Structure formats: C-alpha cells, structure tokens
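Participant: My structure is in coords18.pdb, and what it holds is PDB, C-alpha atoms, pLDDT in the B column:
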ATOM      1  CA  MET D   1     101.419 111.937 112.570  1.00 43.00           C
ATOM      2  CA  LYS D   2      99.595 108.950 113.946  1.00 41.00           C
ATOM      3  CA  ASN D   3      99.729 108.600 117.682  1.00 38.00           C
ATOM      4  CA  PRO D   4     101.838 105.447 118.316  1.00 41.00           C
ATOM      5  CA  THR D   5      99.617 104.419 121.228  1.00 38.00           C
ATOM      6  CA  SER D   6      96.475 104.407 119.103  1.00 42.00           C
ATOM      7  CA  ASN D   7      95.229 102.874 115.868  1.00 42.00           C
ATOM      8  CA  LYS D   8      93.126 105.944 115.175  1.00 68.00           C
ATOM      9  CA  ASN D   9      94.220 109.022 113.307  1.00 83.00           C
ATOM     10  CA  GLU D  10      94.613 111.343 116.236  1.00 87.00           C
ATOM     11  CA  LEU D  11      97.123 113.856 117.455  1.00 94.00           C
ATOM     12  CA  SER D  12      98.821 113.966 120.829  1.00 94.00           C
ATOM     13  CA  PRO D  13      98.056 117.064 122.954  1.00 95.00           C
ATOM     14  CA  LYS D  14     101.491 118.471 122.026  1.00 96.00           C
ATOM     15  CA  GLN D  15     100.937 117.875 118.277  1.00 96.00           C
ATOM     16  CA  ARG D  16      97.482 119.446 118.534  1.00 96.00           C
ATOM     17  CA  GLU D  17      98.844 122.611 120.192  1.00 97.00           C
ATOM     18  CA  GLU D  18     101.730 122.894 117.713  1.00 97.00           C
ATOM     19  CA  LEU D  19      99.335 122.590 114.783  1.00 98.00           C
ATOM     20  CA  LEU D  20      96.858 125.096 116.233  1.00 98.00           C
ATOM     21  CA  ALA D  21      99.723 127.550 116.814  1.00 98.00           C
ATOM     22  CA  ALA D  22     100.927 127.154 113.200  1.00 98.00           C
ATOM     23  CA  LEU D  23      97.383 127.580 111.846  1.00 98.00           C
ATOM     24  CA  LYS D  24      96.818 130.685 113.999  1.00 98.00           C
ATOM     25  CA  THR D  25     100.085 132.274 112.821  1.00 98.00           C
ATOM     26  CA  ARG D  26      99.190 131.631 109.164  1.00 98.00           C
ATOM     27  CA  PHE D  27      95.630 132.884 109.749  1.00 98.00           C
ATOM     28  CA  GLU D  28      96.910 136.154 111.246  1.00 98.00           C
ATOM     29  CA  LYS D  29      99.523 136.670 108.501  1.00 98.00           C
ATOM     30  CA  ASN D  30      96.962 136.266 105.703  1.00 98.00           C
ATOM     31  CA  LEU D  31      93.848 138.135 106.840  1.00 97.00           C
ATOM     32  CA  ASN D  32      92.929 138.900 103.208  1.00 96.00           C
ATOM     33  CA  ARG D  33      92.027 135.215 102.742  1.00 97.00           C
ATOM     34  CA  HIS D  34      89.278 135.226 105.373  1.00 97.00           C
ATOM     35  CA  LYS D  35      87.829 138.690 105.934  1.00 95.00           C
ATOM     36  CA  GLY D  36      85.240 138.809 108.693  1.00 96.00           C
ATOM     37  CA  ILE D  37      86.240 135.454 110.221  1.00 98.00           C
ATOM     38  CA  GLU D  38      87.541 135.331 113.791  1.00 97.00           C
ATOM     39  CA  TRP D  39      90.309 132.922 114.792  1.00 98.00           C
ATOM     40  CA  ALA D  40      88.718 132.166 118.189  1.00 98.00           C
ATOM     41  CA  LYS D  41      85.624 130.754 116.464  1.00 97.00           C
ATOM     42  CA  VAL D  42      87.735 128.726 114.027  1.00 98.00           C
ATOM     43  CA  ARG D  43      89.793 127.303 116.905  1.00 98.00           C
ATOM     44  CA  THR D  44      86.668 126.338 118.859  1.00 97.00           C
ATOM     45  CA  ARG D  45      85.347 124.435 115.853  1.00 97.00           C
ATOM     46  CA  LEU D  46      88.723 122.758 115.255  1.00 97.00           C
ATOM     47  CA  GLU D  47      88.985 121.636 118.881  1.00 96.00           C
ATOM     48  CA  ALA D  48      85.558 120.004 118.592  1.00 96.00           C
ATOM     49  CA  ASN D  49      86.577 118.004 115.487  1.00 95.00           C
ATOM     50  CA  ALA D  50      89.658 115.876 116.236  1.00 94.00           C
ATOM     51  CA  ASP D  51      89.370 113.948 112.954  1.00 95.00           C
ATOM     52  CA  LYS D  52      89.398 117.192 110.940  1.00 97.00           C
ATOM     53  CA  LEU D  53      92.329 118.464 112.979  1.00 97.00           C
ATOM     54  CA  TRP D  54      94.211 115.283 112.055  1.00 97.00           C
ATOM     55  CA  SER D  55      93.431 115.885 108.366  1.00 98.00           C
ATOM     56  CA  LEU D  56      94.747 119.444 108.689  1.00 98.00           C
ATOM     57  CA  SER D  57      97.915 118.047 110.268  1.00 98.00           C
ATOM     58  CA  GLU D  58      98.347 115.806 107.232  1.00 98.00           C
ATOM     59  CA  MET D  59      97.863 118.800 104.940  1.00 98.00           C
ATOM     60  CA  GLU D  60     100.516 120.637 106.965  1.00 98.00           C
ATOM     61  CA  ARG D  61     102.903 117.666 107.153  1.00 97.00           C
ATOM     62  CA  THR D  62     102.898 117.244 103.365  1.00 98.00           C
ATOM     63  CA  GLY D  63     103.606 120.932 102.721  1.00 98.00           C
ATOM     64  CA  GLY D  64     100.134 122.244 101.959  1.00 98.00           C
ATOM     65  CA  GLU D  65     100.107 125.168 104.406  1.00 98.00           C
ATOM     66  CA  PRO D  66      96.327 124.972 104.970  1.00 98.00           C
ATOM     67  CA  ASP D  67      94.452 128.178 105.745  1.00 98.00           C
ATOM     68  CA  VAL D  68      90.850 129.316 106.099  1.00 98.00           C
ATOM     69  CA  VAL D  69      89.511 130.706 102.816  1.00 98.00           C
ATOM     70  CA  GLY D  70      85.830 131.064 103.684  1.00 97.00           C
ATOM     71  CA  GLN D  71      82.819 129.934 105.641  1.00 97.00           C
ATOM     72  CA  ASP D  72      79.703 128.137 104.462  1.00 97.00           C
ATOM     73  CA  LYS D  73      76.884 130.420 105.629  1.00 95.00           C
ATOM     74  CA  LYS D  74      74.338 127.569 105.690  1.00 97.00           C
ATOM     75  CA  THR D  75      76.331 125.031 107.717  1.00 96.00           C
ATOM     76  CA  GLY D  76      78.749 127.347 109.528  1.00 96.00           C
ATOM     77  CA  GLU D  77      81.647 125.160 108.379  1.00 97.00           C
ATOM     78  CA  TYR D  78      85.000 126.832 107.815  1.00 98.00           C
ATOM     79  CA  ILE D  79      86.639 126.018 104.492  1.00 98.00           C
ATOM     80  CA  PHE D  80      90.376 125.321 104.379  1.00 98.00           C
ATOM     81  CA  PHE D  81      92.454 125.127 101.193  1.00 98.00           C
ATOM     82  CA  ASP D  82      96.113 124.266 100.757  1.00 98.00           C
ATOM     83  CA  CYS D  83      97.677 127.719 100.377  1.00 98.00           C
ATOM     84  CA  ALA D  84     101.349 126.820  99.809  1.00 98.00           C
ATOM     85  CA  GLU D  85     102.871 129.030  97.116  1.00 98.00           C
ATOM     86  CA  GLN D  86     103.730 125.965  94.993  1.00 98.00           C
ATOM     87  CA  SER D  87     102.011 122.580  94.834  1.00 97.00           C
ATOM     88  CA  PRO D  88     102.675 120.757  98.145  1.00 97.00           C
ATOM     89  CA  LYS D  89     106.111 119.096  97.961  1.00 95.00           C
ATOM     90  CA  GLY D  90     105.021 116.049  99.942  1.00 95.00           C
ATOM     91  CA  ARG D  91     102.355 115.216  97.356  1.00 96.00           C
ATOM     92  CA  VAL D  92     104.155 115.287  93.990  1.00 95.00           C
ATOM     93  CA  SER D  93     104.913 112.567  91.432  1.00 94.00           C
ATOM     94  CA  PHE D  94     101.567 110.778  91.763  1.00 96.00           C
ATOM     95  CA  CYS D  95      99.212 109.805  88.959  1.00 96.00           C
ATOM     96  CA  TYR D  96      95.557 110.827  89.202  1.00 97.00           C
ATOM     97  CA  ASP D  97      93.640 107.840  90.595  1.00 97.00           C
ATOM     98  CA  HIS D  98      93.859 104.140  91.437  1.00 93.00           C
ATOM     99  CA  GLU D  99      92.610 103.084  88.002  1.00 94.00           C
ATOM    100  CA  ALA D 100      95.439 105.085  86.400  1.00 95.00           C
ATOM    101  CA  LEU D 101      97.956 103.589  88.847  1.00 94.00           C
ATOM    102  CA  ASP D 102      96.794 100.052  87.992  1.00 92.00           C
ATOM    103  CA  SER D 103      97.052 100.795  84.263  1.00 90.00           C
ATOM    104  CA  ARG D 104     100.793 101.506  84.462  1.00 86.00           C
ATOM    105  CA  LYS D 105     102.795  98.385  83.677  1.00 82.00           C
ATOM    106  CA  GLU D 106     106.171  99.854  84.659  1.00 87.00           C
ATOM    107  CA  HIS D 107     107.600 102.961  86.321  1.00 89.00           C
ATOM    108  CA  LYS D 108     104.597 103.155  88.625  1.00 88.00           C
ATOM    109  CA  PRO D 109     104.404 106.140  90.960  1.00 91.00           C
ATOM    110  CA  LYS D 110     104.156 105.462  94.709  1.00 89.00           C
ATOM    111  CA  ASN D 111     100.484 106.390  94.893  1.00 93.00           C
ATOM    112  CA  SER D 112      97.644 108.285  93.256  1.00 96.00           C
ATOM    113  CA  VAL D 113      96.357 111.685  94.284  1.00 97.00           C
ATOM    114  CA  MET D 114      92.806 110.415  94.813  1.00 98.00           C
ATOM    115  CA  ASP D 115      93.979 107.592  97.090  1.00 97.00           C
ATOM    116  CA  LEU D 116      96.256 109.870  99.119  1.00 97.00           C
ATOM    117  CA  ALA D 117      93.575 112.574  99.440  1.00 98.00           C
ATOM    118  CA  ALA D 118      91.104 109.965 100.711  1.00 97.00           C
ATOM    119  CA  ALA D 119      93.671 108.638 103.211  1.00 97.00           C
ATOM    120  CA  MET D 120      94.226 112.214 104.431  1.00 98.00           C
ATOM    121  CA  GLY D 121      90.479 112.853 104.741  1.00 97.00           C
ATOM    122  CA  ILE D 122      90.489 115.749 102.261  1.00 98.00           C
ATOM    123  CA  GLU D 123      88.989 116.517  98.853  1.00 98.00           C
ATOM    124  CA  LEU D 124      90.862 117.649  95.740  1.00 98.00           C
ATOM    125  CA  LEU D 125      90.190 121.236  94.747  1.00 98.00           C
ATOM    126  CA  MET D 126      87.638 121.517  91.969  1.00 97.00           C
ATOM    127  CA  GLU D 127      88.265 123.826  89.035  1.00 97.00           C
ATOM    128  CA  GLU D 128      86.082 126.617  90.476  1.00 98.00           C
ATOM    129  CA  HIS D 129      87.883 126.329  93.828  1.00 98.00           C
ATOM    130  CA  TYR D 130      91.223 126.650  92.063  1.00 98.00           C
ATOM    131  CA  PHE D 131      90.119 129.881  90.381  1.00 98.00           C
ATOM    132  CA  ALA D 132      88.874 131.179  93.762  1.00 98.00           C
ATOM    133  CA  LEU D 133      92.234 130.319  95.375  1.00 98.00           C
ATOM    134  CA  GLN D 134      94.099 132.146  92.621  1.00 98.00           C
ATOM    135  CA  LYS D 135      92.127 135.320  93.456  1.00 97.00           C
ATOM    136  CA  LEU D 136      93.728 135.232  96.926  1.00 97.00           C
ATOM    137  CA  GLY D 137      97.316 135.235  95.634  1.00 97.00           C
ATOM    138  CA  GLU D 138      99.630 133.787  93.005  1.00 97.00           C
ATOM    139  CA  PHE D 139      99.897 130.020  93.348  1.00 98.00           C
ATOM    140  CA  ASP D 140     101.596 127.345  91.223  1.00 98.00           C
ATOM    141  CA  THR D 141     103.825 129.767  89.303  1.00 98.00           C
ATOM    142  CA  LYS D 142     106.531 127.075  89.051  1.00 97.00           C
ATOM    143  CA  SER D 143     104.442 123.952  89.627  1.00 98.00           C
ATOM    144  CA  SER D 144     100.998 122.608  88.774  1.00 98.00           C
ATOM    145  CA  SER D 145      98.289 120.859  90.786  1.00 98.00           C
ATOM    146  CA  TRP D 146      95.948 118.036  89.821  1.00 98.00           C
ATOM    147  CA  LEU D 147      92.293 119.050  90.224  1.00 98.00           C
ATOM    148  CA  ALA D 148      89.112 117.040  90.724  1.00 98.00           C
ATOM    149  CA  THR D 149      88.326 115.886  87.204  1.00 98.00           C
ATOM    150  CA  PRO D 150      84.801 115.812  85.758  1.00 98.00           C
ATOM    151  CA  ALA D 151      83.573 112.236  85.165  1.00 97.00           C
ATOM    152  CA  GLU D 152      83.170 112.754  81.423  1.00 98.00           C
ATOM    153  CA  ILE D 153      86.874 113.657  81.079  1.00 98.00           C
ATOM    154  CA  ARG D 154      88.044 110.872  83.369  1.00 97.00           C
ATOM    155  CA  LYS D 155      85.908 108.341  81.476  1.00 97.00           C
ATOM    156  CA  LEU D 156      87.949 109.175  78.360  1.00 97.00           C
ATOM    157  CA  GLY D 157      91.245 108.593  80.189  1.00 97.00           C
ATOM    158  CA  GLY D 158      92.127 112.183  81.055  1.00 97.00           C
ATOM    159  CA  ALA D 159      92.554 114.298  84.162  1.00 98.00           C
ATOM    160  CA  ILE D 160      92.876 118.050  84.629  1.00 98.00           C
ATOM    161  CA  TYR D 161      95.361 120.262  86.433  1.00 98.00           C
ATOM    162  CA  GLY D 162      95.833 123.969  87.053  1.00 98.00           C
ATOM    163  CA  ASP D 163      98.760 126.358  87.123  1.00 98.00           C
ATOM    164  CA  ARG D 164      99.588 130.058  86.795  1.00 98.00           C
ATOM    165  CA  ARG D 165     101.837 131.286  84.012  1.00 98.00           C
ATOM    166  CA  TYR D 166     102.180 134.663  82.292  1.00 97.00           C
ATOM    167  CA  ASN D 167      99.989 136.281  84.988  1.00 96.00           C
ATOM    168  CA  ARG D 168      97.106 134.025  83.999  1.00 98.00           C
ATOM    169  CA  VAL D 169      95.521 130.868  85.444  1.00 98.00           C
ATOM    170  CA  PHE D 170      95.394 127.904  83.091  1.00 98.00           C
ATOM    171  CA  ILE D 171      93.552 124.588  83.260  1.00 98.00           C
ATOM    172  CA  GLY D 172      95.262 121.822  81.315  1.00 98.00           C
ATOM    173  CA  HIS D 173      94.927 118.099  80.824  1.00 98.00           C
ATOM    174  CA  ASN D 174      97.025 114.953  80.692  1.00 96.00           C
ATOM    175  CA  GLY D 175      96.413 111.262  80.666  1.00 96.00           C
ATOM    176  CA  ALA D 176      95.407 110.269  84.198  1.00 97.00           C
ATOM    177  CA  GLU D 177      98.289 107.768  84.368  1.00 96.00           C
ATOM    178  CA  SER D 178     100.928 110.480  83.920  1.00 94.00           C
ATOM    179  CA  TYR D 179     102.886 111.940  86.813  1.00 95.00           C
ATOM    180  CA  TYR D 180     105.430 114.713  87.171  1.00 95.00           C
ATOM    181  CA  GLN D 181     107.927 115.860  89.768  1.00 94.00           C
ATOM    182  CA  GLY D 182     106.493 119.379  89.604  1.00 95.00           C
ATOM    183  CA  ARG D 183     102.829 118.394  89.911  1.00 97.00           C
ATOM    184  CA  GLY D 184     101.115 117.610  93.160  1.00 97.00           C
ATOM    185  CA  PHE D 185      97.608 118.325  94.320  1.00 98.00           C
ATOM    186  CA  ARG D 186      95.818 120.834  96.510  1.00 98.00           C
ATOM    187  CA  GLY D 187      93.124 119.804  98.897  1.00 98.00           C
ATOM    188  CA  SER D 188      90.173 121.312 100.690  1.00 98.00           C
ATOM    189  CA  LEU D 189      88.623 120.501 104.019  1.00 98.00           C
ATOM    190  CA  ARG D 190      85.406 121.672 105.653  1.00 98.00           C
ATOM    191  CA  VAL D 191      85.384 121.926 109.445  1.00 97.00           C
TER
END
Reformat the file's structure so that it appears as structure tokens.

Facilitator:
Amino acid sequence: MKNPTSNKNELSPKQREELLAALKTRFEKNLNRHKGIEWAKVRTRLEANADKLWSLSEMERTGGEPDVVGQDKKTGEYIFFDCAEQSPKGRVSFCYDHEALDSRKEHKPKNSVMDLAAAMGIELLMEEHYFALQKLGEFDTKSSSWLATPAEIRKLGGAIYGDRRYNRVFIGHNGAESYYQGRGFRGSLRV
C-alpha cells in the first residue's frame, strides 16, 4: 500500500480512514481481547504514528487481521497481534530467515518470514505471546505459524512454530529452511 507519489511507506488519507474504520470495527467486535481499553485513545495514538499505521496496513493487507491485545502500562503503548483465525494467507510458504533462504539450492521460497516481518515493520510473535494469543480464542486450528526462535535453537539449524490441535496449543520445530503452504507467521506491533 505504498503511496505512488512518495518513496516512503505512507498511506493516503483515504487508505488511512479505511484502515482505521476496519480496525475500529474489529476492536468493537472483539472487546474480550482488550478489556479496559478505549478505542478513542487507540485511534489518537495511531493517528500520531503514521509509520506504525502503515505497518498495521501491511498486517491487514496480508490477512493478519490485527487487533489490540493489551497495553504496556510503563510506556502506554498499545500492543497489536495478528488475530486472523488461521495463519495469515498472504504470508505463507516462506522459510524462517535469510540464512535459511540462502541455504536452499533449489525450490527456494519467495522470501523468509524474518525478512518480510522486517520489511513490514513488525516483530514475529514469541512463544509466550503465542500462548497469550491462544487464551483469547482458538487460532491456527488448520494452519501453523512460525514463531521467533531462540538463538540456541536457530544456531543448530532449527526454528519453532505453533498451532492448536486437539484443543491444545503445541510448539513444534522444523529445519529453518523448510516451508509449507499451511504455515505463515503472526506478527506483533507496539504503537
């Protein structure tokens, strides 16, 4: 959603209003995700952070359905997670990181989740964030999502992912160079 008249990642006034309307609708439909948080305050903070609004538009564009899931009491920042029922469709079939992408000699995926997340200005969910998300609903019942992988696992060539099966949340692992049609990634953003 880059503005064609600019080299920066910014939204046109129309794109900004459409995104804010979509975020407000989702916010109001899912009040259980953000008890005690007022939309007017979230909107004010979003309007003051155009770069973060652009990142949220990228989360939305790729199927993440971002929503507020909390607020950092120290900084006042609102925390957004991708809350799509399944792993975002616009972010599937990627290996874990650039090193894994470079290691593939053939059948390379288009990108890596770490590179795409960085380009979008978001962070991958960490394992503890994934468990917190799963307390807000049932996510990844038919898909799985790459998660931020601890350095000691990545150093050995692996990467972790999460999913929900049999009414339980699981954390699994694969080689970081692997990629699957049913595995994307979920991001977080602090505004």

Participant: Quick one: which residues end up in the PyMOL selection byres ((chain D and resi 53-67) around 8) for this structure, as a PyMOL selection string?

Facilitator: chain D and resi 1+9-11+16+19+23+26-27+46-47+49-52+68-69+80-84+87-91+120-122+186-187+189

Participant: Identify which of the residues D:Asp115, D:Glu85, D:Glu123, D:Glu99 lies closest to Thr141 (chain D), counting all atoms listed in the file when measuring atom-to-atom distances.

Facilitator: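 Counting all atoms listed in the file, the residue closest to Thr141 (chain D) is D:Glu85.
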
Participant: Applied to the shown file, which residues does the PyMOL selection byres ((chain D and resi 143) around 12) return, written as a PyMOL selection string?

Facilitator: chain D and resi 84-89+91-93+138-142+144-146+161-165+170+180-186

Participant: Kindly give the distance, in Å, that separates CA of Asp97 (chain D) and CA of Ile153 (chain D), rounded to a single decimal.

Facilitator: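 That distance, rounded to one decimal, is 13.0 Å.
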
Participant: Can you work out the spacing between CA of Val169 (chain D) and CA of Ala148 (chain D) in Å, to one decimal?

Facilitator: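 Computed distance, CA of Val169 (chain D) to CA of Ala148 (chain D), equals 16.1 Å.
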
Participant: With all atoms listed in the file as the basis for distance, which of D:His98, D:Arg154, D:Arg104, D:His34 is at the shortest distance from Ala118 (chain D)?

Facilitator: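 With all atoms listed in the file as the atom set, the closest residue is D:His98.
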
Participant: So what do you get for CA of Gln134 (chain D) versus CA of Tyr179 (chain D), distance-wise?

Facilitator: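 Computing the Euclidean distance for CA of Gln134 (chain D) and CA of Tyr179 (chain D) yields 22.8 Å.
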
Participant: Determine the residue membership of the PyMOL selection byres ((chain D and resi 157) around 9) for the file above and supply it as a short mmCIF file (atom, residue, chain, number, x, y, z; two decimals) with C-alpha atoms, in the frame of the given file.

Facilitator:
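Saved file part-v1.cif follows:
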data_model
loop_
_atom_site.label_atom_id
_atom_site.label_comp_id
_atom_site.auth_asym_id
_atom_site.auth_seq_id
_atom_site.Cartn_x
_atom_site.Cartn_y
_atom_site.Cartn_z
CA ALA D 100 95.44 105.08 86.40
CA ILE D 153 86.87 113.66 81.08
CA ARG D 154 88.04 110.87 83.37
CA LYS D 155 85.91 108.34 81.48
CA LEU D 156 87.95 109.18 78.36
CA GLY D 158 92.13 112.18 81.06
CA ALA D 159 92.55 114.30 84.16
CA ASN D 174 97.02 114.95 80.69
CA GLY D 175 96.41 111.26 80.67
CA ALA D 176 95.41 110.27 84.20
CA GLU D 177 98.29 107.77 84.37
#

Participant: Find the residue from D:His107, D:Lys14, D:Arg33, D:Arg45 that sits nearest to Gly137 (chain D); use only C-alpha atoms when measuring.

Facilitator: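 Checking each of D:His107, D:Lys14, D:Arg33, D:Arg45 against Gly137 (chain D), counting only C-alpha atoms, the winner is D:Arg33.
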
Participant: Can you pull region 115-140 of chain D out of that block with C-alpha atoms and hand it back as an mmCIF file, in the first residue's frame?

Facilitator:
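Result file out_26.cif:
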data_model
loop_
_atom_site.group_PDB
_atom_site.id
_atom_site.type_symbol
_atom_site.label_atom_id
_atom_site.label_comp_id
_atom_site.auth_asym_id
_atom_site.auth_seq_id
_atom_site.Cartn_x
_atom_site.Cartn_y
_atom_site.Cartn_z
ATOM 1 C CA ASP D 115 12.843 -10.578 6.088
ATOM 2 C CA LEU D 116 9.155 -9.958 5.376
ATOM 3 C CA ALA D 117 8.410 -9.072 9.017
ATOM 4 C CA ALA D 118 11.276 -6.560 8.988
ATOM 5 C CA ALA D 119 10.021 -5.050 5.708
ATOM 6 C CA MET D 120 6.553 -4.716 7.272
ATOM 7 C CA GLY D 121 7.963 -3.108 10.429
ATOM 8 C CA ILE D 122 6.628 -5.829 12.743
ATOM 9 C CA GLU D 123 8.062 -8.484 15.056
ATOM 10 C CA LEU D 124 7.305 -12.212 14.995
ATOM 11 C CA LEU D 125 5.277 -13.428 17.947
ATOM 12 C CA MET D 126 7.422 -15.031 20.618
ATOM 13 C CA GLU D 127 6.369 -18.308 22.194
ATOM 14 C CA GLU D 128 4.889 -16.605 25.283
ATOM 15 C CA HIS D 129 2.947 -14.192 23.055
ATOM 16 C CA TYR D 130 1.541 -17.124 21.105
ATOM 17 C CA PHE D 131 0.262 -18.747 24.301
ATOM 18 C CA ALA D 132 -1.271 -15.398 25.351
ATOM 19 C CA LEU D 133 -2.991 -15.073 21.950
ATOM 20 C CA GLN D 134 -4.404 -18.582 22.255
ATOM 21 C CA LYS D 135 -6.072 -17.572 25.550
ATOM 22 C CA LEU D 136 -8.103 -15.007 23.573
ATOM 23 C CA GLY D 137 -9.567 -17.552 21.139
ATOM 24 C CA GLU D 138 -8.762 -20.599 19.034
ATOM 25 C CA PHE D 139 -6.146 -19.792 16.410
ATOM 26 C CA ASP D 140 -4.252 -21.952 13.898
#
